[in-house]
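Visitor: File name query-v3.cif; file contents mmCIF, N, CA and C atoms; full text below.
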```cif
data_input
loop_
_atom_site.label_atom_id
_atom_site.label_comp_id
_atom_site.auth_asym_id
_atom_site.auth_seq_id
_atom_site.Cartn_x
_atom_site.Cartn_y
_atom_site.Cartn_z
N MET Q 22 126.60 168.86 92.28
CA MET Q 22 127.78 169.67 92.05
C MET Q 22 127.51 171.16 92.29
N LEU Q 23 126.30 171.60 91.95
CA LEU Q 23 125.96 173.01 92.12
C LEU Q 23 125.85 173.40 93.58
N ASN Q 24 125.41 172.46 94.41
CA ASN Q 24 125.21 172.72 95.84
C ASN Q 24 126.47 173.23 96.55
N PRO Q 25 127.62 172.54 96.45
CA PRO Q 25 128.81 173.04 97.14
C PRO Q 25 129.31 174.37 96.58
N ILE Q 26 129.14 174.60 95.28
CA ILE Q 26 129.57 175.87 94.69
C ILE Q 26 128.70 177.00 95.22
N ALA Q 27 127.39 176.81 95.21
CA ALA Q 27 126.47 177.85 95.67
C ALA Q 27 126.70 178.18 97.14
N TYR Q 28 126.78 177.15 97.96
CA TYR Q 28 126.99 177.39 99.39
C TYR Q 28 128.40 177.92 99.69
N GLY Q 29 129.39 177.38 98.98
CA GLY Q 29 130.76 177.85 99.19
C GLY Q 29 130.91 179.32 98.86
N LEU Q 30 130.35 179.74 97.72
CA LEU Q 30 130.41 181.15 97.34
C LEU Q 30 129.65 182.01 98.36
N ALA Q 31 128.51 181.54 98.81
CA ALA Q 31 127.73 182.30 99.81
C ALA Q 31 128.52 182.47 101.10
N ILE Q 32 129.19 181.43 101.54
CA ILE Q 32 129.99 181.52 102.77
C ILE Q 32 131.13 182.50 102.58
N VAL Q 33 131.83 182.41 101.46
CA VAL Q 33 132.95 183.33 101.20
C VAL Q 33 132.47 184.77 101.15
N LEU Q 34 131.38 185.03 100.45
CA LEU Q 34 130.85 186.39 100.36
C LEU Q 34 130.46 186.94 101.72
N ASN Q 35 129.81 186.12 102.53
CA ASN Q 35 129.38 186.58 103.85
C ASN Q 35 130.57 186.77 104.79
N LEU Q 36 131.55 185.90 104.73
CA LEU Q 36 132.76 186.11 105.54
C LEU Q 36 133.49 187.38 105.11
N PHE Q 37 133.50 187.64 103.81
CA PHE Q 37 134.15 188.84 103.31
C PHE Q 37 133.44 190.10 103.82
N ILE Q 38 132.12 190.08 103.84
CA ILE Q 38 131.39 191.26 104.32
C ILE Q 38 131.56 191.42 105.83
N VAL Q 39 131.71 190.32 106.57
CA VAL Q 39 132.03 190.41 108.00
C VAL Q 39 133.40 191.08 108.17
N TYR Q 40 134.36 190.68 107.34
CA TYR Q 40 135.69 191.29 107.38
C TYR Q 40 135.62 192.79 107.08
N ILE Q 41 134.90 193.15 106.04
CA ILE Q 41 134.79 194.56 105.67
C ILE Q 41 134.14 195.36 106.79
N GLY Q 42 133.06 194.83 107.35
CA GLY Q 42 132.40 195.52 108.45
C GLY Q 42 133.31 195.69 109.65
N SER Q 43 134.04 194.65 109.99
CA SER Q 43 134.97 194.72 111.12
C SER Q 43 136.07 195.74 110.85
N ARG Q 44 136.55 195.77 109.62
CA ARG Q 44 137.60 196.73 109.27
C ARG Q 44 137.10 198.17 109.38
N PHE Q 45 135.87 198.42 108.96
CA PHE Q 45 135.31 199.77 109.09
C PHE Q 45 135.16 200.17 110.55
N LEU Q 46 134.89 199.22 111.41
CA LEU Q 46 134.78 199.53 112.84
C LEU Q 46 136.15 199.77 113.47
N LEU Q 47 137.16 199.01 113.04
CA LEU Q 47 138.47 199.08 113.67
C LEU Q 47 139.43 200.07 113.00
N GLN Q 48 139.31 200.25 111.69
CA GLN Q 48 140.19 201.14 110.92
C GLN Q 48 139.34 201.97 109.96
N PRO Q 49 138.56 202.91 110.50
CA PRO Q 49 137.60 203.60 109.65
C PRO Q 49 138.19 204.43 108.52
N ARG Q 50 139.23 205.17 108.76
CA ARG Q 50 139.77 206.05 107.72
C ARG Q 50 140.37 205.27 106.54
N PRO Q 51 141.23 204.28 106.78
CA PRO Q 51 141.74 203.51 105.64
C PRO Q 51 140.62 202.76 104.90
N SER Q 52 139.62 202.31 105.65
CA SER Q 52 138.50 201.61 105.02
C SER Q 52 137.71 202.53 104.11
N ALA Q 53 137.49 203.76 104.55
CA ALA Q 53 136.77 204.73 103.72
C ALA Q 53 137.52 205.02 102.44
N ALA Q 54 138.83 205.12 102.53
CA ALA Q 54 139.63 205.36 101.33
C ALA Q 54 139.49 204.18 100.36
N GLY Q 55 139.52 202.97 100.87
CA GLY Q 55 139.33 201.79 100.03
C GLY Q 55 137.94 201.68 99.46
N TYR Q 56 136.97 202.21 100.17
CA TYR Q 56 135.56 202.22 99.73
C TYR Q 56 135.39 203.12 98.53
N GLY Q 57 136.21 204.17 98.46
CA GLY Q 57 136.14 205.08 97.34
C GLY Q 57 135.72 206.49 97.69
N VAL Q 58 135.37 206.73 98.95
CA VAL Q 58 134.99 208.07 99.40
C VAL Q 58 135.73 208.34 100.71
N PRO Q 59 136.97 208.82 100.61
CA PRO Q 59 137.74 209.06 101.83
C PRO Q 59 137.12 210.16 102.69
N VAL Q 60 137.33 210.05 103.96
CA VAL Q 60 136.86 211.06 104.90
C VAL Q 60 137.97 212.10 105.08
N ALA Q 61 137.57 213.36 105.25
CA ALA Q 61 138.55 214.42 105.47
C ALA Q 61 139.34 214.14 106.74
N PRO Q 62 140.61 214.57 106.79
CA PRO Q 62 141.44 214.30 107.97
C PRO Q 62 140.81 214.77 109.28
N ASP Q 63 140.08 215.87 109.23
CA ASP Q 63 139.43 216.36 110.44
C ASP Q 63 137.94 216.01 110.47
N GLY Q 64 137.51 215.15 109.55
CA GLY Q 64 136.09 214.80 109.42
C GLY Q 64 135.62 213.78 110.44
N ASP Q 65 134.33 213.80 110.67
CA ASP Q 65 133.69 212.87 111.58
C ASP Q 65 133.59 211.49 110.93
N THR Q 66 133.85 210.46 111.67
CA THR Q 66 133.80 209.09 111.14
C THR Q 66 132.54 208.34 111.54
N ALA Q 67 131.51 209.06 111.97
CA ALA Q 67 130.28 208.39 112.42
C ALA Q 67 129.67 207.53 111.32
N TYR Q 68 129.62 208.03 110.09
CA TYR Q 68 129.01 207.25 109.02
C TYR Q 68 129.80 205.97 108.76
N LEU Q 69 131.09 206.00 109.04
CA LEU Q 69 131.91 204.81 108.85
C LEU Q 69 131.56 203.73 109.86
N THR Q 70 131.22 204.15 111.07
CA THR Q 70 130.77 203.21 112.09
C THR Q 70 129.45 202.58 111.69
N VAL Q 71 128.56 203.40 111.15
CA VAL Q 71 127.26 202.89 110.68
C VAL Q 71 127.48 201.87 109.57
N LYS Q 72 128.34 202.18 108.61
CA LYS Q 72 128.61 201.24 107.53
C LYS Q 72 129.25 199.96 108.06
N GLY Q 73 130.17 200.10 108.99
CA GLY Q 73 130.81 198.92 109.56
C GLY Q 73 129.82 198.02 110.26
N LEU Q 74 128.94 198.60 111.05
CA LEU Q 74 127.93 197.82 111.76
C LEU Q 74 126.95 197.18 110.78
N ARG Q 75 126.56 197.94 109.75
CA ARG Q 75 125.65 197.40 108.73
C ARG Q 75 126.27 196.18 108.06
N ASP Q 76 127.51 196.31 107.60
CA ASP Q 76 128.16 195.21 106.90
C ASP Q 76 128.39 194.01 107.81
N LEU Q 77 128.86 194.27 109.01
CA LEU Q 77 129.09 193.18 109.96
C LEU Q 77 127.79 192.43 110.23
N SER Q 78 126.71 193.15 110.45
CA SER Q 78 125.41 192.52 110.73
C SER Q 78 124.91 191.71 109.55
N TYR Q 79 125.00 192.29 108.34
CA TYR Q 79 124.55 191.55 107.16
C TYR Q 79 125.36 190.28 106.95
N GLY Q 80 126.64 190.34 107.16
CA GLY Q 80 127.47 189.15 107.00
C GLY Q 80 127.11 188.06 108.00
N LEU Q 81 126.88 188.45 109.24
CA LEU Q 81 126.51 187.47 110.27
C LEU Q 81 125.12 186.88 110.02
N VAL Q 82 124.18 187.72 109.60
CA VAL Q 82 122.84 187.21 109.27
C VAL Q 82 122.93 186.23 108.11
N GLY Q 83 123.73 186.58 107.10
CA GLY Q 83 123.89 185.67 105.97
C GLY Q 83 124.47 184.33 106.37
N LEU Q 84 125.46 184.35 107.23
CA LEU Q 84 126.05 183.09 107.71
C LEU Q 84 125.04 182.28 108.52
N ALA Q 85 124.24 182.96 109.33
CA ALA Q 85 123.22 182.26 110.10
C ALA Q 85 122.17 181.63 109.18
N LEU Q 86 121.77 182.34 108.16
CA LEU Q 86 120.80 181.78 107.21
C LEU Q 86 121.36 180.55 106.51
N ILE Q 87 122.62 180.62 106.12
CA ILE Q 87 123.26 179.47 105.47
C ILE Q 87 123.30 178.28 106.42
N ALA Q 88 123.60 178.53 107.68
CA ALA Q 88 123.75 177.44 108.64
C ALA Q 88 122.41 176.84 109.09
N PHE Q 89 121.36 177.67 109.19
CA PHE Q 89 120.16 177.22 109.88
C PHE Q 89 118.88 177.22 109.05
N THR Q 90 118.95 177.62 107.77
CA THR Q 90 117.73 177.63 106.97
C THR Q 90 117.98 176.93 105.64
N THR Q 91 117.11 177.19 104.69
CA THR Q 91 117.18 176.54 103.38
C THR Q 91 117.98 177.39 102.40
N ALA Q 92 118.32 176.77 101.28
CA ALA Q 92 119.00 177.50 100.21
C ALA Q 92 118.12 178.63 99.68
N GLY Q 93 116.81 178.40 99.65
CA GLY Q 93 115.88 179.43 99.18
C GLY Q 93 115.92 180.67 100.06
N ALA Q 94 115.96 180.48 101.37
CA ALA Q 94 116.02 181.62 102.29
C ALA Q 94 117.33 182.39 102.11
N ALA Q 95 118.42 181.66 101.97
CA ALA Q 95 119.72 182.30 101.75
C ALA Q 95 119.73 183.02 100.41
N ALA Q 96 119.08 182.44 99.40
CA ALA Q 96 119.01 183.07 98.08
C ALA Q 96 118.25 184.39 98.14
N TRP Q 97 117.11 184.40 98.81
CA TRP Q 97 116.34 185.65 98.95
C TRP Q 97 117.15 186.71 99.70
N PHE Q 98 117.87 186.28 100.72
CA PHE Q 98 118.72 187.21 101.45
C PHE Q 98 119.78 187.82 100.53
N MET Q 99 120.45 186.98 99.74
CA MET Q 99 121.49 187.47 98.85
C MET Q 99 120.90 188.41 97.80
N LEU Q 100 119.71 188.09 97.32
CA LEU Q 100 119.06 188.95 96.34
C LEU Q 100 118.80 190.34 96.93
N VAL Q 101 118.29 190.38 98.13
CA VAL Q 101 117.99 191.66 98.78
C VAL Q 101 119.28 192.39 99.15
N VAL Q 102 120.25 191.69 99.69
CA VAL Q 102 121.48 192.33 100.16
C VAL Q 102 122.32 192.87 98.99
N ALA Q 103 122.05 192.43 97.77
CA ALA Q 103 122.74 192.97 96.60
C ALA Q 103 122.44 194.45 96.40
N LEU Q 104 121.37 194.93 97.02
CA LEU Q 104 121.06 196.37 96.96
C LEU Q 104 122.17 197.21 97.59
N ASN Q 105 122.85 196.67 98.59
CA ASN Q 105 123.91 197.44 99.25
C ASN Q 105 125.07 197.77 98.32
N PRO Q 106 125.69 196.81 97.64
CA PRO Q 106 126.77 197.21 96.74
C PRO Q 106 126.28 198.03 95.54
N LEU Q 107 125.03 197.82 95.12
CA LEU Q 107 124.49 198.67 94.05
C LEU Q 107 124.38 200.11 94.55
N GLY Q 108 123.88 200.27 95.77
CA GLY Q 108 123.82 201.61 96.37
C GLY Q 108 125.20 202.19 96.59
N ASP Q 109 126.13 201.36 97.01
CA ASP Q 109 127.50 201.83 97.21
C ASP Q 109 128.10 202.35 95.89
N THR Q 110 127.76 201.70 94.78
CA THR Q 110 128.21 202.17 93.47
C THR Q 110 127.77 203.61 93.24
N LEU Q 111 126.50 203.86 93.50
CA LEU Q 111 125.96 205.21 93.29
C LEU Q 111 126.57 206.22 94.27
N ILE Q 112 126.77 205.80 95.49
CA ILE Q 112 127.36 206.70 96.50
C ILE Q 112 128.76 207.13 96.07
N VAL Q 113 129.56 206.18 95.63
CA VAL Q 113 130.93 206.50 95.20
C VAL Q 113 130.89 207.45 94.00
N LEU Q 114 130.02 207.19 93.04
CA LEU Q 114 129.94 208.05 91.86
C LEU Q 114 129.46 209.46 92.22
N ARG Q 115 128.49 209.56 93.12
CA ARG Q 115 127.92 210.86 93.49
C ARG Q 115 128.84 211.69 94.37
N HIS Q 116 129.80 211.06 95.01
CA HIS Q 116 130.65 211.78 95.95
C HIS Q 116 132.11 211.85 95.51
N GLY Q 117 132.33 211.85 94.21
CA GLY Q 117 133.65 212.11 93.68
C GLY Q 117 134.60 210.94 93.59
N GLY Q 118 134.12 209.74 93.86
CA GLY Q 118 134.98 208.57 93.72
C GLY Q 118 135.19 208.23 92.26
N THR Q 119 136.14 207.39 92.01
CA THR Q 119 136.45 207.03 90.62
C THR Q 119 135.47 205.98 90.09
N LYS Q 120 135.31 205.99 88.78
CA LYS Q 120 134.47 204.98 88.14
C LYS Q 120 135.08 203.59 88.31
N ALA Q 121 136.41 203.54 88.35
CA ALA Q 121 137.09 202.25 88.53
C ALA Q 121 136.69 201.61 89.84
N VAL Q 122 136.65 202.38 90.91
CA VAL Q 122 136.24 201.84 92.22
C VAL Q 122 134.75 201.54 92.22
N ALA Q 123 133.95 202.47 91.70
CA ALA Q 123 132.50 202.28 91.72
C ALA Q 123 132.09 201.01 90.99
N PHE Q 124 132.63 200.83 89.79
CA PHE Q 124 132.23 199.68 88.99
C PHE Q 124 133.11 198.45 89.24
N GLY Q 125 134.40 198.67 89.44
CA GLY Q 125 135.32 197.55 89.62
C GLY Q 125 135.21 196.87 90.96
N ILE Q 126 134.75 197.59 91.97
CA ILE Q 126 134.58 197.00 93.30
C ILE Q 126 133.11 196.80 93.62
N HIS Q 127 132.36 197.90 93.69
CA HIS Q 127 130.99 197.83 94.19
C HIS Q 127 130.02 197.17 93.21
N PHE Q 128 130.02 197.61 91.96
CA PHE Q 128 129.11 197.01 90.98
C PHE Q 128 129.46 195.56 90.72
N ALA Q 129 130.76 195.28 90.63
CA ALA Q 129 131.19 193.89 90.42
C ALA Q 129 130.76 193.00 91.59
N THR Q 130 130.83 193.54 92.80
CA THR Q 130 130.36 192.79 93.97
C THR Q 130 128.88 192.50 93.85
N ALA Q 131 128.10 193.49 93.44
CA ALA Q 131 126.66 193.29 93.28
C ALA Q 131 126.38 192.18 92.27
N VAL Q 132 127.12 192.15 91.18
CA VAL Q 132 126.93 191.12 90.16
C VAL Q 132 127.23 189.74 90.74
N VAL Q 133 128.32 189.62 91.49
CA VAL Q 133 128.68 188.32 92.09
C VAL Q 133 127.63 187.89 93.11
N VAL Q 134 127.13 188.83 93.90
CA VAL Q 134 126.09 188.50 94.89
C VAL Q 134 124.82 188.04 94.17
N LEU Q 135 124.44 188.72 93.09
CA LEU Q 135 123.25 188.31 92.32
C LEU Q 135 123.46 186.94 91.67
N LEU Q 136 124.66 186.70 91.19
CA LEU Q 136 124.98 185.38 90.63
C LEU Q 136 124.84 184.31 91.71
N ASN Q 137 125.34 184.61 92.90
CA ASN Q 137 125.21 183.66 94.00
C ASN Q 137 123.75 183.42 94.36
N ALA Q 138 122.95 184.46 94.36
CA ALA Q 138 121.51 184.29 94.63
C ALA Q 138 120.90 183.33 93.60
N ALA Q 139 121.25 183.51 92.32
CA ALA Q 139 120.74 182.63 91.28
C ALA Q 139 121.18 181.18 91.50
N LEU Q 140 122.43 181.00 91.89
CA LEU Q 140 122.93 179.64 92.16
C LEU Q 140 122.19 179.02 93.34
N LEU Q 141 121.95 179.81 94.38
CA LEU Q 141 121.22 179.28 95.54
C LEU Q 141 119.78 178.96 95.19
N PHE Q 142 119.15 179.76 94.35
CA PHE Q 142 117.78 179.44 93.91
C PHE Q 142 117.74 178.16 93.12
N ALA Q 143 118.84 177.86 92.40
CA ALA Q 143 118.90 176.65 91.57
C ALA Q 143 119.16 175.38 92.36
N VAL Q 144 119.60 175.52 93.59
CA VAL Q 144 119.94 174.34 94.41
C VAL Q 144 118.66 173.60 94.80
#
```
Please, can you express the file's structure as structure tokens?
Guide:
Amino acid sequence: MLNPIAYGLAIVLNLFIVYIGSRFLLQPRPSAAGYGVPVAPDGDTAYLTVKGLRDLSYGLVGLALIAFTTAGAAAWFMLVVALNPLGDTLIVLRHGGTKAVAFGIHFATAVVVLLNAALLFAV
């Protein structure tokens, strides 16, 4: 019973991060606002492209690990990749974003990713 839940959650999380990465590449300004640190109207969006590529790549690597390796490998990946939303929490807090976004989106995501890592380790 744990196996489909662990893998299902991992697939959903990785598809979601692929979506977020793609959105940052295609719609950088609205994505930055949703992230919690909007870019100035005349500001450079280069960092948004970097974030989009980072997220897209992590999501695709996660899906590949789920498809072609063991639950343990996917679990280690999820454990390591949880550093990203934890870092995003700090970035939002340090750059004037709201605590609601920092903790309600980014920190909560980190907790769910860590929970998924634990479920995958248990499989």
Visitor: Given the file above and the PyMOL selection byres (((chain Q and resi 87 and name CA) around 10) and name CA), which residues are selected, and can you give them as a list in words?
Guide: Tyr28, Gly29, Ala31, Ile32, Asn35, Leu81, Val82, Gly83, Leu84, Ala85, Leu86, Ala88, Phe89, Thr90, Thr91, Ala92, Gly93, Ala94, Ala95, Ala96 and Phe98 of chain Q
Visitor: Using all atoms listed in the file, collect all residues at a distance of at most 7 Å from (135.7, 196.3, 98.6) as written in the file, then present them as number ranges by chain.
Guide: Q: 55-56, 126-127
Visitor: Can you tell me, as a VMD selection string, which residues sit within 9 Å of (134.8, 204.3, 94.9) in the file's frame, using only C-alpha atoms?
Guide: chain Q and resid 54 to 59 109 to 110 112 to 114 116 to 127
Visitor: State, in Å with one decimal place, the distance from atom N of Tyr40 (chain Q) to CA of Gly80 (chain Q).
Guide: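 For atom N of Tyr40 (chain Q) relative to CA of Gly80 (chain Q), the distance reads 7.1 Å.
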Visitor: Take atom C of Ala139 (chain Q) and CA of Val33 (chain Q) and report the distance between them in Å, one decimal.
Guide: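 Interatomic distance, atom C of Ala139 (chain Q) to CA of Val33 (chain Q): 15.4 Å.
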Visitor: If DSSP is run on the backbone, what residues of chain Q are helix (DSSP H, G or I)? A reply as a count of residues only would be ideal.
Guide: 103
